[in-house]
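Participant: The structure under discussion is supplied below as structure tokens; questions concerning it will follow.
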Amino acid sequence: MKYTAGIIGLGSCVPDRIMNNFDFEKIMDTSDEWIRTRTGIKERHIVSEGEANTDISIKAAKRAIEDAKIDPKDLDLIIVSTITPDTVLPPTSCLIQEMLGATNAAAFDISAACTGFIYALTIATQFIENGMYKNILVIGAEILSSITDYTDRTTSILFGDGAGAAILSRVDEGGILSTYIGADGSGKDYLFIPAGGSRLGTSVQTIEQNLHTVKMAGNEVFKFAVRKMEEASLEAIKKAGLKLEDVDFLIPHQANIRIINSSAKRLNMDMENVYINIDKYGNMSSASIPVALDEAYRKGKLKKGDNVLLVGFGGGLTWGSTMIKWNL
């Protein structure tokens, strides 16, 4: 028997500390106007000293569980998408499992950069559709401030910290209509972190050269993003058996306001039906889409029966989309 997977609860959390564009004016040659006009970002939330991924992930997870009206012990699986885990070992998902008391849940992490939440949703959807699991917690969480070079004005202004969570379960109406994911490893040099893995481990030299922070070829990423956002969107719409005009609401990855605007234009979407919060949070990688989804839901932007499209792209290079018949 094939079941239908749907979102039955959402939650999110961002750190209390805010770093606005004027803070960057104090540490590098830039300005609030330069940042706003090129990215759409006004401020971003940054963790305080001693605050880690699980500290905000657990809050987002508990809010999603409460929203879903289930007990942590009802969870069968926890999937965490992150490139900034608390530790390489154990996985962040296992730490979350213990913190929640979700003693019946298996747990694992995935890494697909900014597309990670879409990848995780795709995995969770299959587990529910084939009947293996009933309730799955999916988290997209990042502490990008931990891998940001605050001497590089081209990348440091972009990133913020945050976590978003969703509970997927079997539903009788609505739910996940389609998912689509893709990757192209030939673009690996467009967005990457040079050191910290088995290829180039940690040393005095890698630390001194800032090789544990994000490096990006901005123009290449921009061109890739605009192309793939449209392609991924159309693919998910097609797989769902819908047409472009059937999409009621778009929630894109929050990387750059120009990318969002360009993508919306290509998809003929009215900007009133596109959720944007990049001005408040910047790019939170895996957390961007679930935080935006939770906010749109709680603000009443999403109506039961709406066709909601999630779409993103990220380092890898990766891309993905999900079409949902909103059921909350």
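Residue numbers start at 1 in each chain; chains themselves are named A, B, ... in the order of the structure tokens; ligands are numbered from 1 in the order shown.
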Residues near region 312-325 of chain A, anyone? I mean within 8 Å using only C-alpha atoms, not counting same-chain ones fewer than 3 positions away, as a VMD selection string.
Facilitator: chain A and resid 6 112 to 115 118 to 119 122 174 to 188 190 to 192 225 228 to 229 232 to 233 235 to 237 240 252 to 253 285 289 304 to 309
Participant: Tell me which protein, DNA and RNA residues are within 9 Å of region 17-22 of chain A, counting only C-alpha atoms, leaving out same-chain ones fewer than 4 positions away, and put them as a list in words.
Facilitator: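 After dropping sequence-adjacent residues, the list is Lys26, Thr30, Ser31, Asp32, Glu33, Ile35, Arg36, Ile41, Lys42, Glu43, Arg44, His45, Ile46, Val47, Ser48, Ile157, Gly160, Lys280 and Tyr281 of chain A.
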Participant: Would you give me, as an MDAnalysis selection string, the residues in region 116-171 of chain A that DSSP reads as strand (DSSP E or B)?
Facilitator: chainID A and resid 136:143 159 161:170
Participant: With distances taken over only C-alpha atoms, which residue among A:Ser286, A:Ile278, A:Lys223, A:Ser262 lies nearest Ile110 (chain A)?
Facilitator: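 Closest residue, counting only C-alpha atoms: A:Ser286.
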Participant: With distances taken over only C-alpha atoms, which residue among A:Asp279, A:Glu295, A:Glu272, A:Glu49 lies nearest Gln254 (chain A)?
Facilitator: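 Smallest separation from Gln254 (chain A) among the options: A:Asp279.
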Participant: Can you tell me, as a PyMOL selection string, which residues in region 219-320 of chain A count as alpha helix (DSSP H) by DSSP?
Facilitator: chain A and resi 219-239+257-266+278-281+288-298
Participant: Find the residues near Asp152 (chain A): any atom within 10 Å, counting only C-alpha atoms, skip ones fewer than 3 places away on the same chain, and give them as a PDB file with N, CA and C atoms, in the first residue's frame.
Facilitator:
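File produced: selection27.pdb:
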ATOM      1  N   MET A  28      34.819  46.541   7.741  1.00  0.00           N
ATOM      2  CA  MET A  28      35.337  46.400   6.380  1.00  0.00           C
ATOM      3  C   MET A  28      34.837  47.543   5.500  1.00  0.00           C
ATOM      4  N   ASP A  29      35.395  47.636   4.314  1.00  0.00           N
ATOM      5  CA  ASP A  29      35.045  48.700   3.371  1.00  0.00           C
ATOM      6  C   ASP A  29      33.761  48.315   2.637  1.00  0.00           C
ATOM      7  N   THR A 148      32.282  31.394   8.182  1.00  0.00           N
ATOM      8  CA  THR A 148      32.308  32.646   7.416  1.00  0.00           C
ATOM      9  C   THR A 148      33.598  33.417   7.689  1.00  0.00           C
ATOM     10  N   ASP A 149      34.215  33.914   6.626  1.00  0.00           N
ATOM     11  CA  ASP A 149      35.418  34.738   6.733  1.00  0.00           C
ATOM     12  C   ASP A 149      34.976  36.200   6.817  1.00  0.00           C
ATOM     13  N   THR A 155      31.508  37.574   0.672  1.00  0.00           N
ATOM     14  CA  THR A 155      30.747  36.442   1.200  1.00  0.00           C
ATOM     15  C   THR A 155      30.187  36.692   2.591  1.00  0.00           C
ATOM     16  N   SER A 156      30.920  37.388   3.442  1.00  0.00           N
ATOM     17  CA  SER A 156      30.528  37.502   4.852  1.00  0.00           C
ATOM     18  C   SER A 156      29.190  38.211   5.045  1.00  0.00           C
ATOM     19  N   ILE A 157      28.854  39.119   4.138  1.00  0.00           N
ATOM     20  CA  ILE A 157      27.611  39.886   4.266  1.00  0.00           C
ATOM     21  C   ILE A 157      26.369  39.040   3.975  1.00  0.00           C
ATOM     22  N   THR A 213      36.753  28.350   5.708  1.00  0.00           N
ATOM     23  CA  THR A 213      35.607  29.231   5.502  1.00  0.00           C
ATOM     24  C   THR A 213      35.119  29.150   4.052  1.00  0.00           C
ATOM     25  N   VAL A 214      33.902  29.618   3.830  1.00  0.00           N
ATOM     26  CA  VAL A 214      33.251  29.516   2.521  1.00  0.00           C
ATOM     27  C   VAL A 214      33.948  30.392   1.477  1.00  0.00           C
ATOM     28  N   LYS A 215      34.186  29.791   0.313  1.00  0.00           N
ATOM     29  CA  LYS A 215      34.716  30.511  -0.848  1.00  0.00           C
ATOM     30  C   LYS A 215      33.675  30.410  -1.962  1.00  0.00           C
TER      31      LYS A 215
END
Participant: Tell me, counting only C-alpha atoms, for each residue of region 153-247 of chain A within 10 Å of region 266-271 of chain A, which pair of atoms is nearest and how far apart they are in Å to one decimal, in rows ordered by chain and increasing number, as CSV.
Facilitator:
residue,atom,partner,partner_atom,distance
A:Val226,CA,A:Arg266,CA,8.9
A:Arg227,CA,A:Arg266,CA,9.5
A:Met229,CA,A:Arg266,CA,9.4
A:Glu230,CA,A:Arg266,CA,6.8
A:Glu231,CA,A:Leu267,CA,9.8
A:Ser233,CA,A:Leu267,CA,8.2
A:Leu234,CA,A:Leu267,CA,8.3
A:Leu244,CA,A:Leu267,CA,7.2
A:Glu245,CA,A:Asn268,CA,8.2
A:Val247,CA,A:Met269,CA,8.4
Participant: Using only C-alpha atoms, which of A:Leu211, A:Ala296, A:Ile260, A:Ile78 sits nearest Ser57 (chain A)?
Facilitator: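 Using only C-alpha atoms, the shortest distance to Ser57 (chain A) belongs to A:Ile78.
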Participant: Just to confirm, what's the straight-line distance from CA of Ser263 (chain A) to CA of Lys301 (chain A) in Å (one decimal)?
Facilitator: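 Pair CA of Ser263 (chain A) / CA of Lys301 (chain A) returns 19.8 Å.
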Participant: Name the closest residue to Thr125 (chain A) among the candidates A:Thr39, A:Ser198, A:Thr4, A:Ser111; distances are taken between atoms, counting only C-alpha atoms.
Facilitator: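 The closest residue to Thr125 (chain A) is A:Thr4.
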Participant: Quick one: everything within 8 Å of Ala107 (chain A), counting only C-alpha atoms, minus sequence neighbours fewer than 5 positions away in the same chain. Send it as a ChimeraX atom specification.
Facilitator: /A:77-79,93-94,97
Participant: Between A:Leu137, A:Ala163, A:Ala255, A:Ala120, which has the minimum distance to Asp55 (chain A) (counting only C-alpha atoms)?
Facilitator: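 Between A:Leu137, A:Ala163, A:Ala255, A:Ala120, the residue approaching Asp55 (chain A) most closely is A:Ala163.
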Participant: In Å, rounded to a single decimal, give me how far CA of Leu75 (chain A) is from CA of Glu98 (chain A).
Facilitator: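 So the two atoms, CA of Glu98 (chain A) and CA of Leu75 (chain A), lie 12.2 Å apart.
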